[in-house]
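Enquirer: Got a structure for you, coords32.pdb, holding PDB, C-alpha atoms.
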ATOM      1  CA  MET A   1    -116.371 138.600 184.404  1.00  0.00           C
ATOM      2  CA  THR A   2    -113.296 140.621 183.509  1.00  0.00           C
ATOM      3  CA  THR A   3    -111.305 138.734 186.121  1.00  0.00           C
ATOM      4  CA  ARG A   4    -112.262 135.465 184.499  1.00  0.00           C
ATOM      5  CA  ILE A   5    -111.209 136.711 181.079  1.00  0.00           C
ATOM      6  CA  ARG A   6    -107.900 137.918 182.468  1.00  0.00           C
ATOM      7  CA  ASN A   7    -107.246 134.575 184.157  1.00  0.00           C
ATOM      8  CA  ARG A   8    -108.118 132.766 180.945  1.00  0.00           C
ATOM      9  CA  LYS A   9    -105.741 135.023 178.966  1.00  0.00           C
ATOM     10  CA  LYS A  10    -102.968 134.370 181.512  1.00  0.00           C
ATOM     11  CA  THR A  11    -103.568 130.624 181.313  1.00  0.00           C
ATOM     12  CA  THR A  12    -103.688 130.732 177.522  1.00  0.00           C
ATOM     13  CA  GLY A  13    -100.487 132.811 177.483  1.00  0.00           C
ATOM     14  CA  TYR A  14     -98.704 130.273 179.678  1.00  0.00           C
ATOM     15  CA  LEU A  15     -99.958 127.401 177.543  1.00  0.00           C
ATOM     16  CA  ASN A  16     -98.851 129.165 174.378  1.00  0.00           C
ATOM     17  CA  ARG A  17     -95.373 129.721 175.833  1.00  0.00           C
ATOM     18  CA  ILE A  18     -95.125 126.088 176.913  1.00  0.00           C
ATOM     19  CA  LEU A  19     -96.314 124.860 173.522  1.00  0.00           C
ATOM     20  CA  LYS A  20     -93.870 127.155 171.712  1.00  0.00           C
ATOM     21  CA  SER A  21     -91.039 125.974 173.961  1.00  0.00           C
ATOM     22  CA  VAL A  22     -91.941 122.326 173.390  1.00  0.00           C
ATOM     23  CA  LEU A  23     -92.205 122.886 169.648  1.00  0.00           C
ATOM     24  CA  ILE A  24     -88.817 124.644 169.529  1.00  0.00           C
ATOM     25  CA  PHE A  25     -87.308 121.847 171.635  1.00  0.00           C
ATOM     26  CA  LEU A  26     -88.713 119.183 169.289  1.00  0.00           C
ATOM     27  CA  VAL A  27     -87.380 121.024 166.239  1.00  0.00           C
ATOM     28  CA  CYS A  28     -83.922 121.255 167.844  1.00  0.00           C
ATOM     29  CA  VAL A  29     -83.969 117.564 168.795  1.00  0.00           C
ATOM     30  CA  GLY A  30     -85.111 116.686 165.274  1.00  0.00           C
ATOM     31  CA  CYS A  31     -82.275 118.708 163.744  1.00  0.00           C
ATOM     32  CA  LEU A  32     -79.798 117.073 166.109  1.00  0.00           C
ATOM     33  CA  GLY A  33     -81.127 113.603 165.254  1.00  0.00           C
ATOM     34  CA  THR A  34     -80.981 114.317 161.539  1.00  0.00           C
ATOM     35  CA  SER A  35     -77.408 115.567 161.912  1.00  0.00           C
ATOM     36  CA  ILE A  36     -76.405 112.412 163.786  1.00  0.00           C
ATOM     37  CA  VAL A  37     -77.965 110.185 161.117  1.00  0.00           C
ATOM     38  CA  TYR A  38     -76.215 112.170 158.373  1.00  0.00           C
ATOM     39  CA  LEU A  39     -72.834 111.911 160.121  1.00  0.00           C
ATOM     40  CA  ARG A  40     -73.259 108.163 160.634  1.00  0.00           C
ATOM     41  CA  HIS A  41     -74.121 107.799 156.976  1.00  0.00           C
ATOM     42  CA  GLN A  42     -71.026 109.770 155.980  1.00  0.00           C
ATOM     43  CA  ARG A  43     -68.877 107.640 158.283  1.00  0.00           C
ATOM     44  CA  SER A  44     -70.225 104.408 156.806  1.00  0.00           C
ATOM     45  CA  GLU A  45     -69.629 105.692 153.261  1.00  0.00           C
ATOM     46  CA  ALA A  46     -66.059 106.613 154.204  1.00  0.00           C
ATOM     47  CA  ALA A  47     -65.530 103.157 155.711  1.00  0.00           C
ATOM     48  CA  ASN A  48     -66.865 101.518 152.544  1.00  0.00           C
ATOM     49  CA  ASN A  49     -64.553 103.663 150.412  1.00  0.00           C
ATOM     50  CA  ILE A  50     -61.598 102.738 152.616  1.00  0.00           C
ATOM     51  CA  ARG A  51     -62.445  99.028 152.307  1.00  0.00           C
ATOM     52  CA  LYS A  52     -62.675  99.378 148.526  1.00  0.00           C
ATOM     53  CA  LEU A  53     -59.346 101.198 148.349  1.00  0.00           C
ATOM     54  CA  GLU A  54     -57.668  98.584 150.557  1.00  0.00           C
ATOM     55  CA  ARG A  55     -59.052  95.858 148.300  1.00  0.00           C
ATOM     56  CA  ASP A  56     -57.757  97.703 145.223  1.00  0.00           C
ATOM     57  CA  ILE A  57     -54.357  98.153 146.857  1.00  0.00           C
ATOM     58  CA  SER A  58     -54.112  94.449 147.636  1.00  0.00           C
ATOM     59  CA  VAL A  59     -55.059  93.603 144.030  1.00  0.00           C
ATOM     60  CA  GLU A  60     -52.390  95.982 142.720  1.00  0.00           C
ATOM     61  CA  ARG A  61     -49.780  94.551 145.110  1.00  0.00           C
ATOM     62  CA  ARG A  62     -50.639  91.080 143.883  1.00  0.00           C
ATOM     63  CA  LYS A  63     -50.209  92.267 140.281  1.00  0.00           C
ATOM     64  CA  VAL A  64     -46.847  93.838 141.124  1.00  0.00           C
ATOM     65  CA  ALA A  65     -45.718  90.592 142.757  1.00  0.00           C
ATOM     66  CA  GLU A  66     -46.799  88.627 139.683  1.00  0.00           C
ATOM     67  CA  LEU A  67     -44.960  91.057 137.408  1.00  0.00           C
ATOM     68  CA  GLY A  68     -41.872  90.765 139.593  1.00  0.00           C
ATOM     69  CA  ALA A  69     -41.997  86.986 139.295  1.00  0.00           C
ATOM     70  CA  GLN A  70     -42.434  87.218 135.510  1.00  0.00           C
ATOM     71  CA  LEU A  71     -39.574  89.713 135.283  1.00  0.00           C
ATOM     72  CA  SER A  72     -37.228  87.602 137.348  1.00  0.00           C
ATOM     73  CA  SER A  73     -38.022  84.526 135.251  1.00  0.00           C
ATOM     74  CA  ALA A  74     -37.537  86.527 132.036  1.00  0.00           C
ATOM     75  CA  MET A  75     -34.216  87.907 133.281  1.00  0.00           C
ATOM     76  CA  ALA A  76     -32.806  84.470 134.050  1.00  0.00           C
ATOM     77  CA  THR A  77     -29.383  84.117 132.456  1.00  0.00           C
ATOM     78  CA  ASN A  78     -30.156  80.954 130.525  1.00  0.00           C
ATOM     79  CA  LYS A  79     -33.326  82.490 129.042  1.00  0.00           C
ATOM     80  CA  LEU A  80     -31.458  85.628 128.004  1.00  0.00           C
ATOM     81  CA  ILE A  81     -28.763  83.575 126.306  1.00  0.00           C
ATOM     82  CA  LYS A  82     -31.448  81.536 124.533  1.00  0.00           C
ATOM     83  CA  LYS A  83     -33.227  84.712 123.303  1.00  0.00           C
ATOM     84  CA  ASN A  84     -29.888  86.126 122.165  1.00  0.00           C
ATOM     85  CA  ARG A  85     -29.284  83.047 120.012  1.00  0.00           C
ATOM     86  CA  GLN A  86     -32.925  82.849 118.867  1.00  0.00           C
ATOM     87  CA  TYR A  87     -33.088  86.414 117.580  1.00  0.00           C
ATOM     88  CA  SER A  88     -29.423  86.642 116.497  1.00  0.00           C
ATOM     89  CA  LEU A  89     -28.839  89.753 118.563  1.00  0.00           C
ATOM     90  CA  GLY A  90     -25.088  89.299 118.859  1.00  0.00           C
ATOM     91  CA  LEU A  91     -25.009  90.377 122.496  1.00  0.00           C
ATOM     92  CA  ALA A  92     -21.987  89.458 124.593  1.00  0.00           C
ATOM     93  CA  LYS A  93     -20.669  90.057 128.096  1.00  0.00           C
ATOM     94  CA  PRO A  94     -18.881  93.404 128.424  1.00  0.00           C
ATOM     95  CA  ARG A  95     -15.104  93.298 128.236  1.00  0.00           C
ATOM     96  CA  GLU A  96     -12.987  94.788 130.986  1.00  0.00           C
ATOM     97  CA  HIS A  97     -12.110  97.916 128.995  1.00  0.00           C
ATOM     98  CA  GLN A  98     -15.864  98.652 128.598  1.00  0.00           C
ATOM     99  CA  ILE A  99     -16.550  98.638 132.351  1.00  0.00           C
ATOM    100  CA  VAL A 100     -16.231 101.942 134.217  1.00  0.00           C
ATOM    101  CA  ARG A 101     -15.541 101.590 137.923  1.00  0.00           C
ATOM    102  CA  VAL A 102     -16.659 104.440 140.216  1.00  0.00           C
ATOM    103  CA  SER A 103     -14.613 104.988 143.358  1.00  0.00           C
ATOM    104  CA  SER A 104     -16.368 108.084 144.727  1.00  0.00           C
ATOM    105  CA  ASN A 105     -19.693 108.186 146.569  1.00  0.00           C
ATOM    106  CA  VAL A 106     -22.309 107.244 143.978  1.00  0.00           C
ATOM    107  CA  GLU A 107     -25.212 108.885 145.821  1.00  0.00           C
ATOM    108  CA  SER A 108     -23.590 112.298 145.992  1.00  0.00           C
ATOM    109  CA  ARG A 109     -22.524 112.016 142.346  1.00  0.00           C
ATOM    110  CA  LEU A 110     -26.084 111.254 141.231  1.00  0.00           C
ATOM    111  CA  LEU A 111     -27.404 114.052 143.432  1.00  0.00           C
ATOM    112  CA  ARG A 112     -25.012 116.503 141.805  1.00  0.00           C
ATOM    113  CA  LYS A 113     -26.128 115.381 138.365  1.00  0.00           C
ATOM    114  CA  THR A 114     -29.849 115.665 139.070  1.00  0.00           C
ATOM    115  CA  SER A 115     -29.857 118.858 141.117  1.00  0.00           C
ATOM    116  CA  GLY A 116     -27.191 120.738 139.232  1.00  0.00           C
ATOM    117  CA  GLY A 117     -25.023 120.921 142.360  1.00  0.00           C
ATOM    118  CA  LEU A 118     -27.583 122.817 144.438  1.00  0.00           C
ATOM    119  CA  LEU A 119     -28.039 120.137 147.098  1.00  0.00           C
ATOM    120  CA  SER A 120     -24.623 118.491 147.038  1.00  0.00           C
ATOM    121  CA  ALA A 121     -23.184 120.665 149.831  1.00  0.00           C
ATOM    122  CA  ASN A 122     -25.969 119.751 152.255  1.00  0.00           C
ATOM    123  CA  PHE A 123     -25.738 116.073 151.349  1.00  0.00           C
ATOM    124  CA  ALA A 124     -21.969 115.983 151.755  1.00  0.00           C
ATOM    125  CA  ALA A 125     -22.266 117.665 155.158  1.00  0.00           C
ATOM    126  CA  GLY A 126     -24.670 114.938 156.294  1.00  0.00           C
ATOM    127  CA  ASN A 127     -27.749 117.175 156.672  1.00  0.00           C
TER     128      ASN A 127
END
Kindly transcribe the structure held in the file into structure tokens.

Expert:
Amino acid sequence: MTTRIRNRKKTTGYLNRILKSVLIFLVCVGCLGTSIVYLRHQRSEAANNIRKLERDISVERRKVAELGAQLSSAMATNKLIKKNRQYSLGLAKPREHQIVRVSSNVESRLLRKTSGGLLSANFAAGN
């Protein structure tokens, strides 16, 4: 009788180990599956956000193009002359003595003005 009980305990011990192993395996697979689903969800949300941003960018580019067209039509010479007469602004073309001609490199001059001369040496050297 004791042999039978021992054999039953051994069999039960093996079954318990197998069941524990299977349970642990199922939990790990479940965690892995949940992680995969979560990552796919995150990826789809990111793709949707990217699509929305691209759509917004295209809308803004369209607006900029429309504003550029409006600006170019508003800056037409004949319209400016008409507005000048309409509002009695008294604007005229600049005379030759009012025009200042710059003979030096304009980029380096502007760089010197904005940076206080800190970057002008590197720019002049071509770096």

Enquirer: With 3 Å on each side, where is the centre of the axis-aligned box around all listed atoms of range 15-23 of chain A, and how long are its edges in Å to one decimal, as lines of an AutoDock Vina configuration file?

Expert:
center_x = -95.5
center_y = 126.0
center_z = 173.6
size_x = 14.9
size_y = 13.4
size_z = 13.9

Enquirer: Mind giving me the straight-line distance from CA of Gln98 in chain A to CA of Asn78 in chain A in Å, one decimal?

Expert: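 Taking CA of Gln98 in chain A and CA of Asn78 in chain A, their separation equals 22.8 Å.
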
Enquirer: What's the separation between CA of Ala74 in chain A and CA of Glu60 in chain A, in Å to one decimal place?

Expert: 20.6 Å
